[in-house]
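Enquirer: The structure file structure-v4.txt (compact mmCIF, C-alpha atoms and all ligand atoms) is provided below.
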```
# COMPACT_ATOMS: atom_id res chain seq x y z
CA MET A 198 21.37 44.85 13.34
CA SER A 199 17.74 44.74 14.42
CA ASN A 200 16.31 41.83 16.33
CA GLU A 201 14.24 40.88 13.27
CA ASP A 202 17.27 40.87 10.95
CA ASN A 203 19.12 38.74 13.45
CA GLN A 204 16.27 36.21 13.55
CA GLN A 205 16.10 36.17 9.77
CA ASP A 206 19.88 35.49 9.53
CA ARG A 207 19.65 32.62 11.98
CA TYR A 208 16.66 31.21 10.14
CA GLN A 209 18.55 31.36 6.83
CA ALA A 210 21.64 29.73 8.31
CA ARG A 211 19.54 26.91 9.77
CA GLN A 212 17.67 26.37 6.49
CA GLN A 213 20.98 26.33 4.63
CA ARG A 214 22.27 23.54 6.93
CA VAL A 215 19.04 21.57 6.41
CA LYS A 216 19.34 22.02 2.65
CA GLU A 217 22.95 20.81 2.65
CA LYS A 218 21.98 17.67 4.57
CA VAL A 219 19.02 16.95 2.28
CA ASP A 220 21.13 17.59 -0.85
CA ALA A 221 23.81 15.21 0.43
CA LYS A 222 21.19 12.49 1.00
CA ILE A 223 19.69 13.06 -2.46
CA ALA A 224 23.18 12.78 -3.99
CA ALA A 225 23.83 9.57 -2.03
CA ALA A 226 20.64 7.88 -3.29
CA LYS A 227 21.86 6.57 -6.64
CA GLU A 228 20.25 3.19 -6.98
CA GLU A 229 17.39 2.89 -9.47
CA ARG A 230 15.05 0.01 -8.86
CA GLY A 231 11.49 -0.73 -7.91
CA ILE A 232 10.73 -1.11 -4.22
CA VAL A 233 8.38 -3.03 -1.94
CA ILE A 234 6.22 -0.82 0.25
CA VAL A 235 4.20 -2.22 3.15
CA ILE A 236 1.47 -0.09 4.73
CA THR A 237 0.27 -1.79 7.89
CA GLY A 238 -1.16 -0.94 11.34
CA ASN A 239 -4.62 -0.51 12.82
CA GLY A 240 -5.46 3.03 11.71
CA LYS A 241 -7.40 4.18 8.66
CA GLY A 242 -5.32 5.07 5.62
CA LYS A 243 -3.63 1.91 4.37
CA SER A 244 -5.65 1.18 1.25
CA THR A 245 -6.16 4.87 0.50
CA SER A 246 -2.38 5.28 0.61
CA GLY A 247 -1.95 2.38 -1.81
CA PHE A 248 -4.54 3.78 -4.18
CA GLY A 249 -3.05 7.26 -3.85
CA THR A 250 0.22 5.86 -5.15
CA ILE A 251 -1.59 4.13 -8.01
CA ALA A 252 -3.29 7.43 -8.91
CA ARG A 253 0.09 9.15 -8.84
CA ALA A 254 1.64 6.52 -11.11
CA VAL A 255 -1.30 6.56 -13.55
CA GLY A 256 -0.94 10.34 -13.66
CA HIS A 257 2.60 9.83 -14.98
CA GLY A 258 1.37 7.39 -17.61
CA LEU A 259 2.76 4.33 -15.83
CA LYS A 260 1.09 0.95 -16.15
CA CYS A 261 -0.49 -0.35 -12.96
CA GLY A 262 -2.25 -3.44 -11.67
CA VAL A 263 -4.34 -3.97 -8.54
CA ALA A 264 -5.41 -7.07 -6.65
CA GLN A 265 -7.99 -6.67 -3.90
CA PHE A 266 -8.34 -9.41 -1.38
CA ILE A 267 -11.32 -9.51 0.99
CA LYS A 268 -13.14 -6.53 -0.55
CA GLY A 269 -16.01 -8.66 -1.79
CA THR A 270 -18.85 -7.84 -4.07
CA TRP A 271 -19.98 -4.35 -3.10
CA ASP A 272 -19.51 -1.18 -5.09
CA ASN A 273 -15.93 0.02 -5.07
CA GLY A 274 -15.05 3.64 -5.88
CA GLU A 275 -11.36 3.12 -6.64
CA ARG A 276 -12.14 0.31 -9.06
CA ASN A 277 -14.85 2.34 -10.83
CA LEU A 278 -12.36 5.11 -11.50
CA LEU A 279 -9.12 3.27 -12.15
CA GLU A 280 -10.49 0.63 -14.51
CA LYS A 281 -11.60 3.47 -16.79
CA LEU A 282 -7.97 4.63 -16.80
CA GLY A 283 -6.65 1.24 -17.90
CA VAL A 284 -5.61 -0.19 -14.52
CA SER A 285 -6.23 -3.94 -14.40
CA PHE A 286 -8.16 -5.13 -11.37
CA HIS A 287 -8.42 -8.57 -9.83
CA VAL A 288 -10.92 -8.69 -7.01
CA MET A 289 -11.74 -11.61 -4.77
CA ALA A 290 -15.24 -12.65 -5.77
CA THR A 291 -16.47 -13.77 -2.37
CA GLY A 292 -17.22 -11.40 0.49
CA PHE A 293 -15.61 -11.13 3.88
CA THR A 294 -14.42 -14.41 5.24
CA TRP A 295 -16.41 -13.90 8.45
CA GLU A 296 -19.54 -13.68 6.29
CA THR A 297 -18.96 -16.83 4.31
CA GLN A 298 -17.33 -18.94 7.07
CA ASN A 299 -16.34 -21.55 4.56
CA LYS A 300 -12.60 -22.08 4.69
CA ALA A 301 -12.35 -24.22 1.55
CA ALA A 302 -14.28 -21.67 -0.54
CA ASP A 303 -12.29 -18.76 0.90
CA THR A 304 -8.99 -20.50 0.24
CA ALA A 305 -9.99 -21.21 -3.36
CA ALA A 306 -11.08 -17.59 -3.87
CA ALA A 307 -7.84 -16.27 -2.34
CA GLN A 308 -5.73 -18.65 -4.41
CA GLY A 309 -7.54 -17.52 -7.56
CA VAL A 310 -6.61 -13.88 -6.92
CA TRP A 311 -3.11 -14.86 -5.77
CA GLU A 312 -2.56 -16.56 -9.13
CA LYS A 313 -3.33 -13.20 -10.80
CA CYS A 314 -0.87 -11.53 -8.41
CA ARG A 315 1.80 -14.01 -9.35
CA GLN A 316 1.25 -13.17 -13.02
CA MET A 317 1.44 -9.44 -12.32
CA LEU A 318 4.67 -9.96 -10.37
CA GLN A 319 6.18 -11.55 -13.49
CA ASP A 320 4.95 -8.90 -15.90
CA ASP A 321 7.73 -6.41 -16.63
CA THR A 322 5.33 -4.07 -18.43
CA LEU A 323 3.68 -3.33 -15.05
CA ASN A 324 5.38 -0.47 -13.21
CA VAL A 325 3.35 -0.41 -10.00
CA VAL A 326 1.33 -3.23 -8.46
CA LEU A 327 -0.96 -2.87 -5.45
CA LEU A 328 -1.81 -5.97 -3.42
CA ASP A 329 -4.54 -4.59 -1.19
CA GLU A 330 -5.22 -6.54 2.04
CA LEU A 331 -2.75 -9.28 1.13
CA THR A 332 -1.50 -9.50 4.73
CA TYR A 333 -4.71 -11.25 5.87
CA MET A 334 -4.34 -13.96 3.24
CA VAL A 335 -1.01 -14.83 4.81
CA SER A 336 -2.29 -14.66 8.41
CA TYR A 337 -5.33 -16.82 7.62
CA GLY A 338 -3.11 -19.32 5.79
CA TYR A 339 -4.95 -18.91 2.46
CA VAL A 340 -1.73 -17.95 0.71
CA GLU A 341 1.69 -19.31 1.69
CA LEU A 342 4.14 -16.75 3.05
CA GLU A 343 6.97 -18.48 1.15
CA ASP A 344 5.08 -18.07 -2.14
CA VAL A 345 4.62 -14.36 -1.49
CA LEU A 346 8.27 -13.80 -0.55
CA THR A 347 9.54 -15.73 -3.57
CA ALA A 348 7.27 -13.93 -6.02
CA LEU A 349 8.33 -10.55 -4.59
CA GLN A 350 12.02 -11.42 -4.76
CA ASN A 351 11.78 -12.61 -8.36
CA ARG A 352 9.73 -9.69 -9.69
CA PRO A 353 11.06 -7.40 -12.46
CA LEU A 354 13.80 -5.06 -11.22
CA MET A 355 11.95 -1.81 -11.89
CA GLN A 356 8.57 -2.94 -10.56
CA THR A 357 7.26 -1.38 -7.36
CA VAL A 358 4.82 -3.33 -5.20
CA ILE A 359 2.60 -1.95 -2.45
CA ILE A 360 1.12 -4.32 0.11
CA THR A 361 -1.53 -3.20 2.58
CA GLY A 362 -3.28 -4.74 5.55
CA ARG A 363 -3.02 -5.10 9.31
CA GLY A 364 -0.60 -7.44 11.01
CA ALA A 365 1.95 -7.75 8.20
CA HIS A 366 4.19 -10.78 8.78
CA ARG A 367 7.65 -10.04 10.20
CA GLU A 368 9.37 -11.58 7.18
CA LEU A 369 7.34 -9.40 4.85
CA LEU A 370 8.47 -6.34 6.81
CA GLU A 371 12.07 -7.53 6.54
CA LEU A 372 11.85 -7.96 2.79
CA ALA A 373 10.17 -4.57 2.25
CA ASP A 374 12.17 -1.42 1.43
CA THR A 375 9.65 0.98 2.92
CA VAL A 376 7.32 0.18 5.80
CA SER A 377 4.78 2.53 7.33
CA GLU A 378 2.55 1.73 10.25
CA VAL A 379 -0.70 3.67 10.38
CA LYS A 380 -1.61 4.17 14.01
CA ASN A 381 -5.25 4.36 15.09
CA VAL A 382 -5.66 7.53 17.15
CA LYS A 383 -9.43 7.53 16.74
CA HIS A 384 -11.95 6.48 14.14
CA ALA A 385 -15.43 7.90 13.47
CA PHE A 386 -16.87 4.38 13.39
CA GLN A 387 -16.02 3.96 17.08
CA ALA A 388 -18.15 7.04 17.80
CA GLY A 389 -21.05 5.43 15.93
CA VAL A 390 -20.67 7.15 12.54
CA LYS A 391 -21.62 4.88 9.64
CA ALA A 392 -19.07 4.04 6.95
CA GLN A 393 -19.60 6.28 3.93
CA LYS A 394 -19.40 5.86 0.17
CA GLY A 395 -16.49 7.86 -1.24
CA VAL A 396 -14.81 8.07 2.16
CA ASP A 397 -14.57 4.48 3.36
CA TRP A 398 -15.00 2.56 0.11
P1 LIG A 401 -8.92 2.90 4.06
O1 LIG A 401 -9.41 1.97 2.97
O2 LIG A 401 -10.01 3.85 4.46
O3 LIG A 401 -7.60 3.51 3.80
P2 LIG A 401 -7.61 0.96 5.67
O4 LIG A 401 -7.24 0.26 4.42
O5 LIG A 401 -6.53 1.60 6.45
O6 LIG A 401 -8.75 2.00 5.37
P3 LIG A 401 -8.90 -1.47 6.54
O7 LIG A 401 -8.52 -2.24 7.74
O8 LIG A 401 -8.60 -2.04 5.20
O9 LIG A 401 -8.33 0.01 6.70
O10 LIG A 401 -10.43 -1.18 6.68
C1 LIG A 401 -11.23 -0.72 5.66
C2 LIG A 401 -12.48 -0.08 6.23
O11 LIG A 401 -12.48 -0.07 7.65
C3 LIG A 401 -12.64 1.38 5.84
O12 LIG A 401 -13.99 1.59 5.68
C4 LIG A 401 -12.12 2.14 7.01
O13 LIG A 401 -12.73 3.41 7.21
C5 LIG A 401 -12.46 1.23 8.16
N1 LIG A 401 -11.45 1.35 9.22
C6 LIG A 401 -10.13 1.50 9.08
N2 LIG A 401 -9.51 1.62 10.25
C7 LIG A 401 -10.48 1.53 11.18
C8 LIG A 401 -10.51 1.60 12.62
N3 LIG A 401 -9.37 1.80 13.33
N4 LIG A 401 -11.69 1.48 13.24
C9 LIG A 401 -12.82 1.29 12.53
N5 LIG A 401 -12.88 1.23 11.19
C10 LIG A 401 -11.73 1.35 10.52
MG MG A 402 -7.61 -1.48 3.56
```
In structure tokens, how does this file's structure come out?
Expert:
Amino acid sequence: MSNEDNQQDRYQARQQRVKEKVDAKIAAAKEERGIVIVITGNGKGKSTSGFGTIARAVGHGLKCGVAQFIKGTWDNGERNLLEKLGVSFHVMATGFTWETQNKAADTAAAQGVWEKCRQMLQDDTLNVVLLDELTYMVSYGYVELEDVLTALQNRPLMQTVIITGRGAHRELLELADTVSEVKNVKHAFQAGVKAQKGVDW
């Protein structure tokens, strides 16, 4: 047997073992239910991951809803596209909290959007719900952690919820089924590159 054939055989045997392990895991995963996904951490890619999942779901004809906390009043590429495709959007009307610096107004704005979230989390026609930047509402105390946990626990069985934002609360991470932390390795902004339409918003 040539050296090449030998390598090929070993490669095949290794791939076969990998396949058996993956197949066994696929066979073991039998439960069918919606999940809670948290995408947190300091790197870029949390909201884009959430919206990527919404795009995926819409592509399968599933019904989706989005709430955007913090985003504010500027032009918003994901909203422009997804609203045309029938995704319902609830966006916080005021801008960044560090622009308004009015706690009462910010709390009222956050509570207004949270009320929409609560409705979405009770709506069993919604397959996938994205709560973009919700983590900050909890850290700033605009929305009660207990309210969030209760609404998530009582949501329809098949509904999947994606929550994004830095510094996700420990109890939110515990409740979630899938948690990913996006690590900041570097970001163009730190090198002085301006945020760009279509890339950053
Ligand atoms: P994106 O919406 O691009 O996926 P994100 O949701 O992970 O980003 P946020 O904290 O919500 O990150 O910030 C949104 C904006 O801040 C985006 O314009 C993004 O490019 C920028 N941003 C994200 N991470 C960083 C970082 N580590 N340094 C500087 N700017 C960042
Ligand atoms: Mg984000």
Enquirer: Go through the chains and note each residue within 12 Å of ligand LIG 401 (chain A), using all atoms listed in the file, then give the set as a count of residues only.
Expert: 58
Enquirer: Go through A:Ile359, A:Ala210, A:Leu346, A:Val325 one by one, measure the shortest atom-to-atom distance of each to ligand MG 402 (chain A) using all atoms listed in the file, and give the residue with the smallest value.
Expert: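 Comparing A:Ile359, A:Ala210, A:Leu346, A:Val325 against ligand MG 402 (chain A), the winner is A:Ile359.
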Enquirer: Counting only C-alpha atoms and all ligand atoms, which of A:Leu278, A:Val215, A:Ala348, A:Ala264 gets nearest to ligand MG 402 (chain A)?
Expert: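 The answer is A:Ala264, which sits nearest to ligand MG 402 (chain A).
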Enquirer: Residues around (7.3, -16.8, -1.2), cut-off 12 Å, counting only C-alpha atoms - what are they as JSON, numbers by chain?
Expert: {"A": [311, 315, 318, 335, 340, 341, 342, 343, 344, 345, 346, 347, 348, 349, 350, 351, 352, 368, 369, 372]}
Enquirer: Could you please determine the separation between CA of Lys222 (chain A) and CA of Arg253 (chain A) in Å, to one decimal place?
Expert: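 Separating CA of Lys222 (chain A) from CA of Arg253 (chain A) is a distance of 23.5 Å.
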Enquirer: I'd like to know which of A:Leu327, A:Met317, A:Leu279, A:Ile232 is closest to Thr250 (chain A), using only C-alpha atoms.
Expert: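 Selected residue with least distance to Thr250 (chain A): A:Leu327.
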Enquirer: My list of candidates is A:Arg207, A:Lys300, A:Asn324, A:Gln213. Which is closest to Val263 (chain A) when distances are computed with all atoms listed in the file?
Expert: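 Closest to Val263 (chain A), using all atoms listed in the file: A:Asn324.
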Enquirer: So what do you get for CA of Leu354 (chain A) versus CA of Arg230 (chain A), distance-wise?
Expert: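 For CA of Leu354 (chain A) relative to CA of Arg230 (chain A), the distance reads 5.7 Å.
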Enquirer: Please indicate the distance in Å from CA of Ser336 (chain A) to atom MG of ligand MG 402 (chain A), rounded to one decimal place.
Expert: 15.0 Å
